[in-house]
Amino acid sequence: MKKLLSIKYSATAFNISFLLLRVVLGVTMCVNHGYGKLIHFADMKNSFVNLFGIGQALTLALVVFAEFFCAIFVMIGLFTRFTVIPLIITMGYAFFSAHNSDIFGKGELASIYLAGFFAILLCGPGRVSVDGVINK
């Protein structure tokens with residue numbers, strides 16, 4: 001019981017936690033969001049939101065880049081802190097603009113992704129990643 005209430009943690013626990021966080025967020029983002037937009041790009045490019053006036057197709061291309069390709073890099077832990085930034089921007093836009101900061105409604109999932117990706121940005125990928133192996 002005392003260990004459950006402790007605020008101490010080991011390096012192994014930290015590394016396993018961030019491996020789990022990276023893999024779950026990366027896989028779910030890639031499979032549930034990015035892949036659908038990638039294969040239906042032609043159908044969605046004329047009806048997607050026009051972010052900052054850059055055009056619907058370019059906005060969709062940037063979202064696909066973040067949700068599919070950057071999610072794969074986060075999942076394997078390669079260039080993690082750089083590749084998580086487009087995901088934070090995408091989820092920030094989804095939460096604050098598309099879902100009107102509705103944390104208890106339609107914006108709940110975007111807020112969870114946003115918090116998880118922000119935690120990865122702050123703490124890094126952990127040792128169980130390609131970045132961790134490179135920086136040994």
# chains A, B, ... in the order shown; residues from 1 in each chain; ligands from 1
>>> residues_around(residues="region 38-44 of chain A", least_positions_apart="6", cutoff="10 Å", atoms="only C-alpha atoms", output="list in words")
Cys30, Gln56, Ala57, Leu60, Ala61, Val63, Val64, Phe65, Glu67, Phe68 and Phe69 of chain A
>>> write_last_selection(atoms="C-alpha atoms", output="tab-separated table (two decimals), in the first residue's frame")
chain	number	residue	atom	x	y	z
A	30	CYS	CA	-2.42	7.06	-37.44
A	56	GLN	CA	-8.41	23.34	-48.44
A	57	ALA	CA	-6.14	20.87	-50.22
A	60	LEU	CA	-5.71	18.62	-45.64
A	61	ALA	CA	-2.21	17.68	-46.83
A	63	VAL	CA	-3.21	17.39	-41.49
A	64	VAL	CA	-2.47	14.08	-43.25
A	65	PHE	CA	1.26	14.73	-42.79
A	67	GLU	CA	-1.87	12.61	-38.34
A	68	PHE	CA	-0.34	9.85	-40.44
A	69	PHE	CA	3.37	10.39	-41.03
>>> residues_around(residues="region 18-24 of chain A", least_positions_apart="4", cutoff="9 Å", atoms="only C-alpha atoms", output="count of residues only")
20
>>> closest_residue(among="A:Val133, A:Ala94, A:Ile112, A:Asn32", to="Phe79 (chain A)", atoms="only C-alpha atoms")
A:Val133
>>> residues_around(residues="Phe73 (chain A)", least_positions_apart="6", cutoff="9 Å", atoms="only C-alpha atoms", output="PDB file with N, CA and C atoms, in the first residue's frame")
ATOM      1  N   GLY A  26       0.313   7.167 -31.007  1.00  0.00           N
ATOM      2  CA  GLY A  26       0.728   7.092 -32.406  1.00  0.00           C
ATOM      3  C   GLY A  26      -0.138   6.158 -33.237  1.00  0.00           C
ATOM      4  N   PHE A  79      12.996  11.231 -34.110  1.00  0.00           N
ATOM      5  CA  PHE A  79      12.835  12.690 -34.152  1.00  0.00           C
ATOM      6  C   PHE A  79      11.577  13.110 -33.401  1.00  0.00           C
ATOM      7  N   THR A  80      11.373  12.533 -32.248  1.00  0.00           N
ATOM      8  CA  THR A  80      10.094  12.614 -31.545  1.00  0.00           C
ATOM      9  C   THR A  80       9.682  14.040 -31.205  1.00  0.00           C
ATOM     10  N   THR A  83       8.634  15.824 -34.412  1.00  0.00           N
ATOM     11  CA  THR A  83       7.435  15.319 -35.091  1.00  0.00           C
ATOM     12  C   THR A  83       6.172  15.446 -34.251  1.00  0.00           C
ATOM     13  N   VAL A  84       6.319  15.700 -32.967  1.00  0.00           N
ATOM     14  CA  VAL A  84       5.132  15.871 -32.143  1.00  0.00           C
ATOM     15  C   VAL A  84       4.574  17.293 -32.266  1.00  0.00           C
TER      16      VAL A  84
END
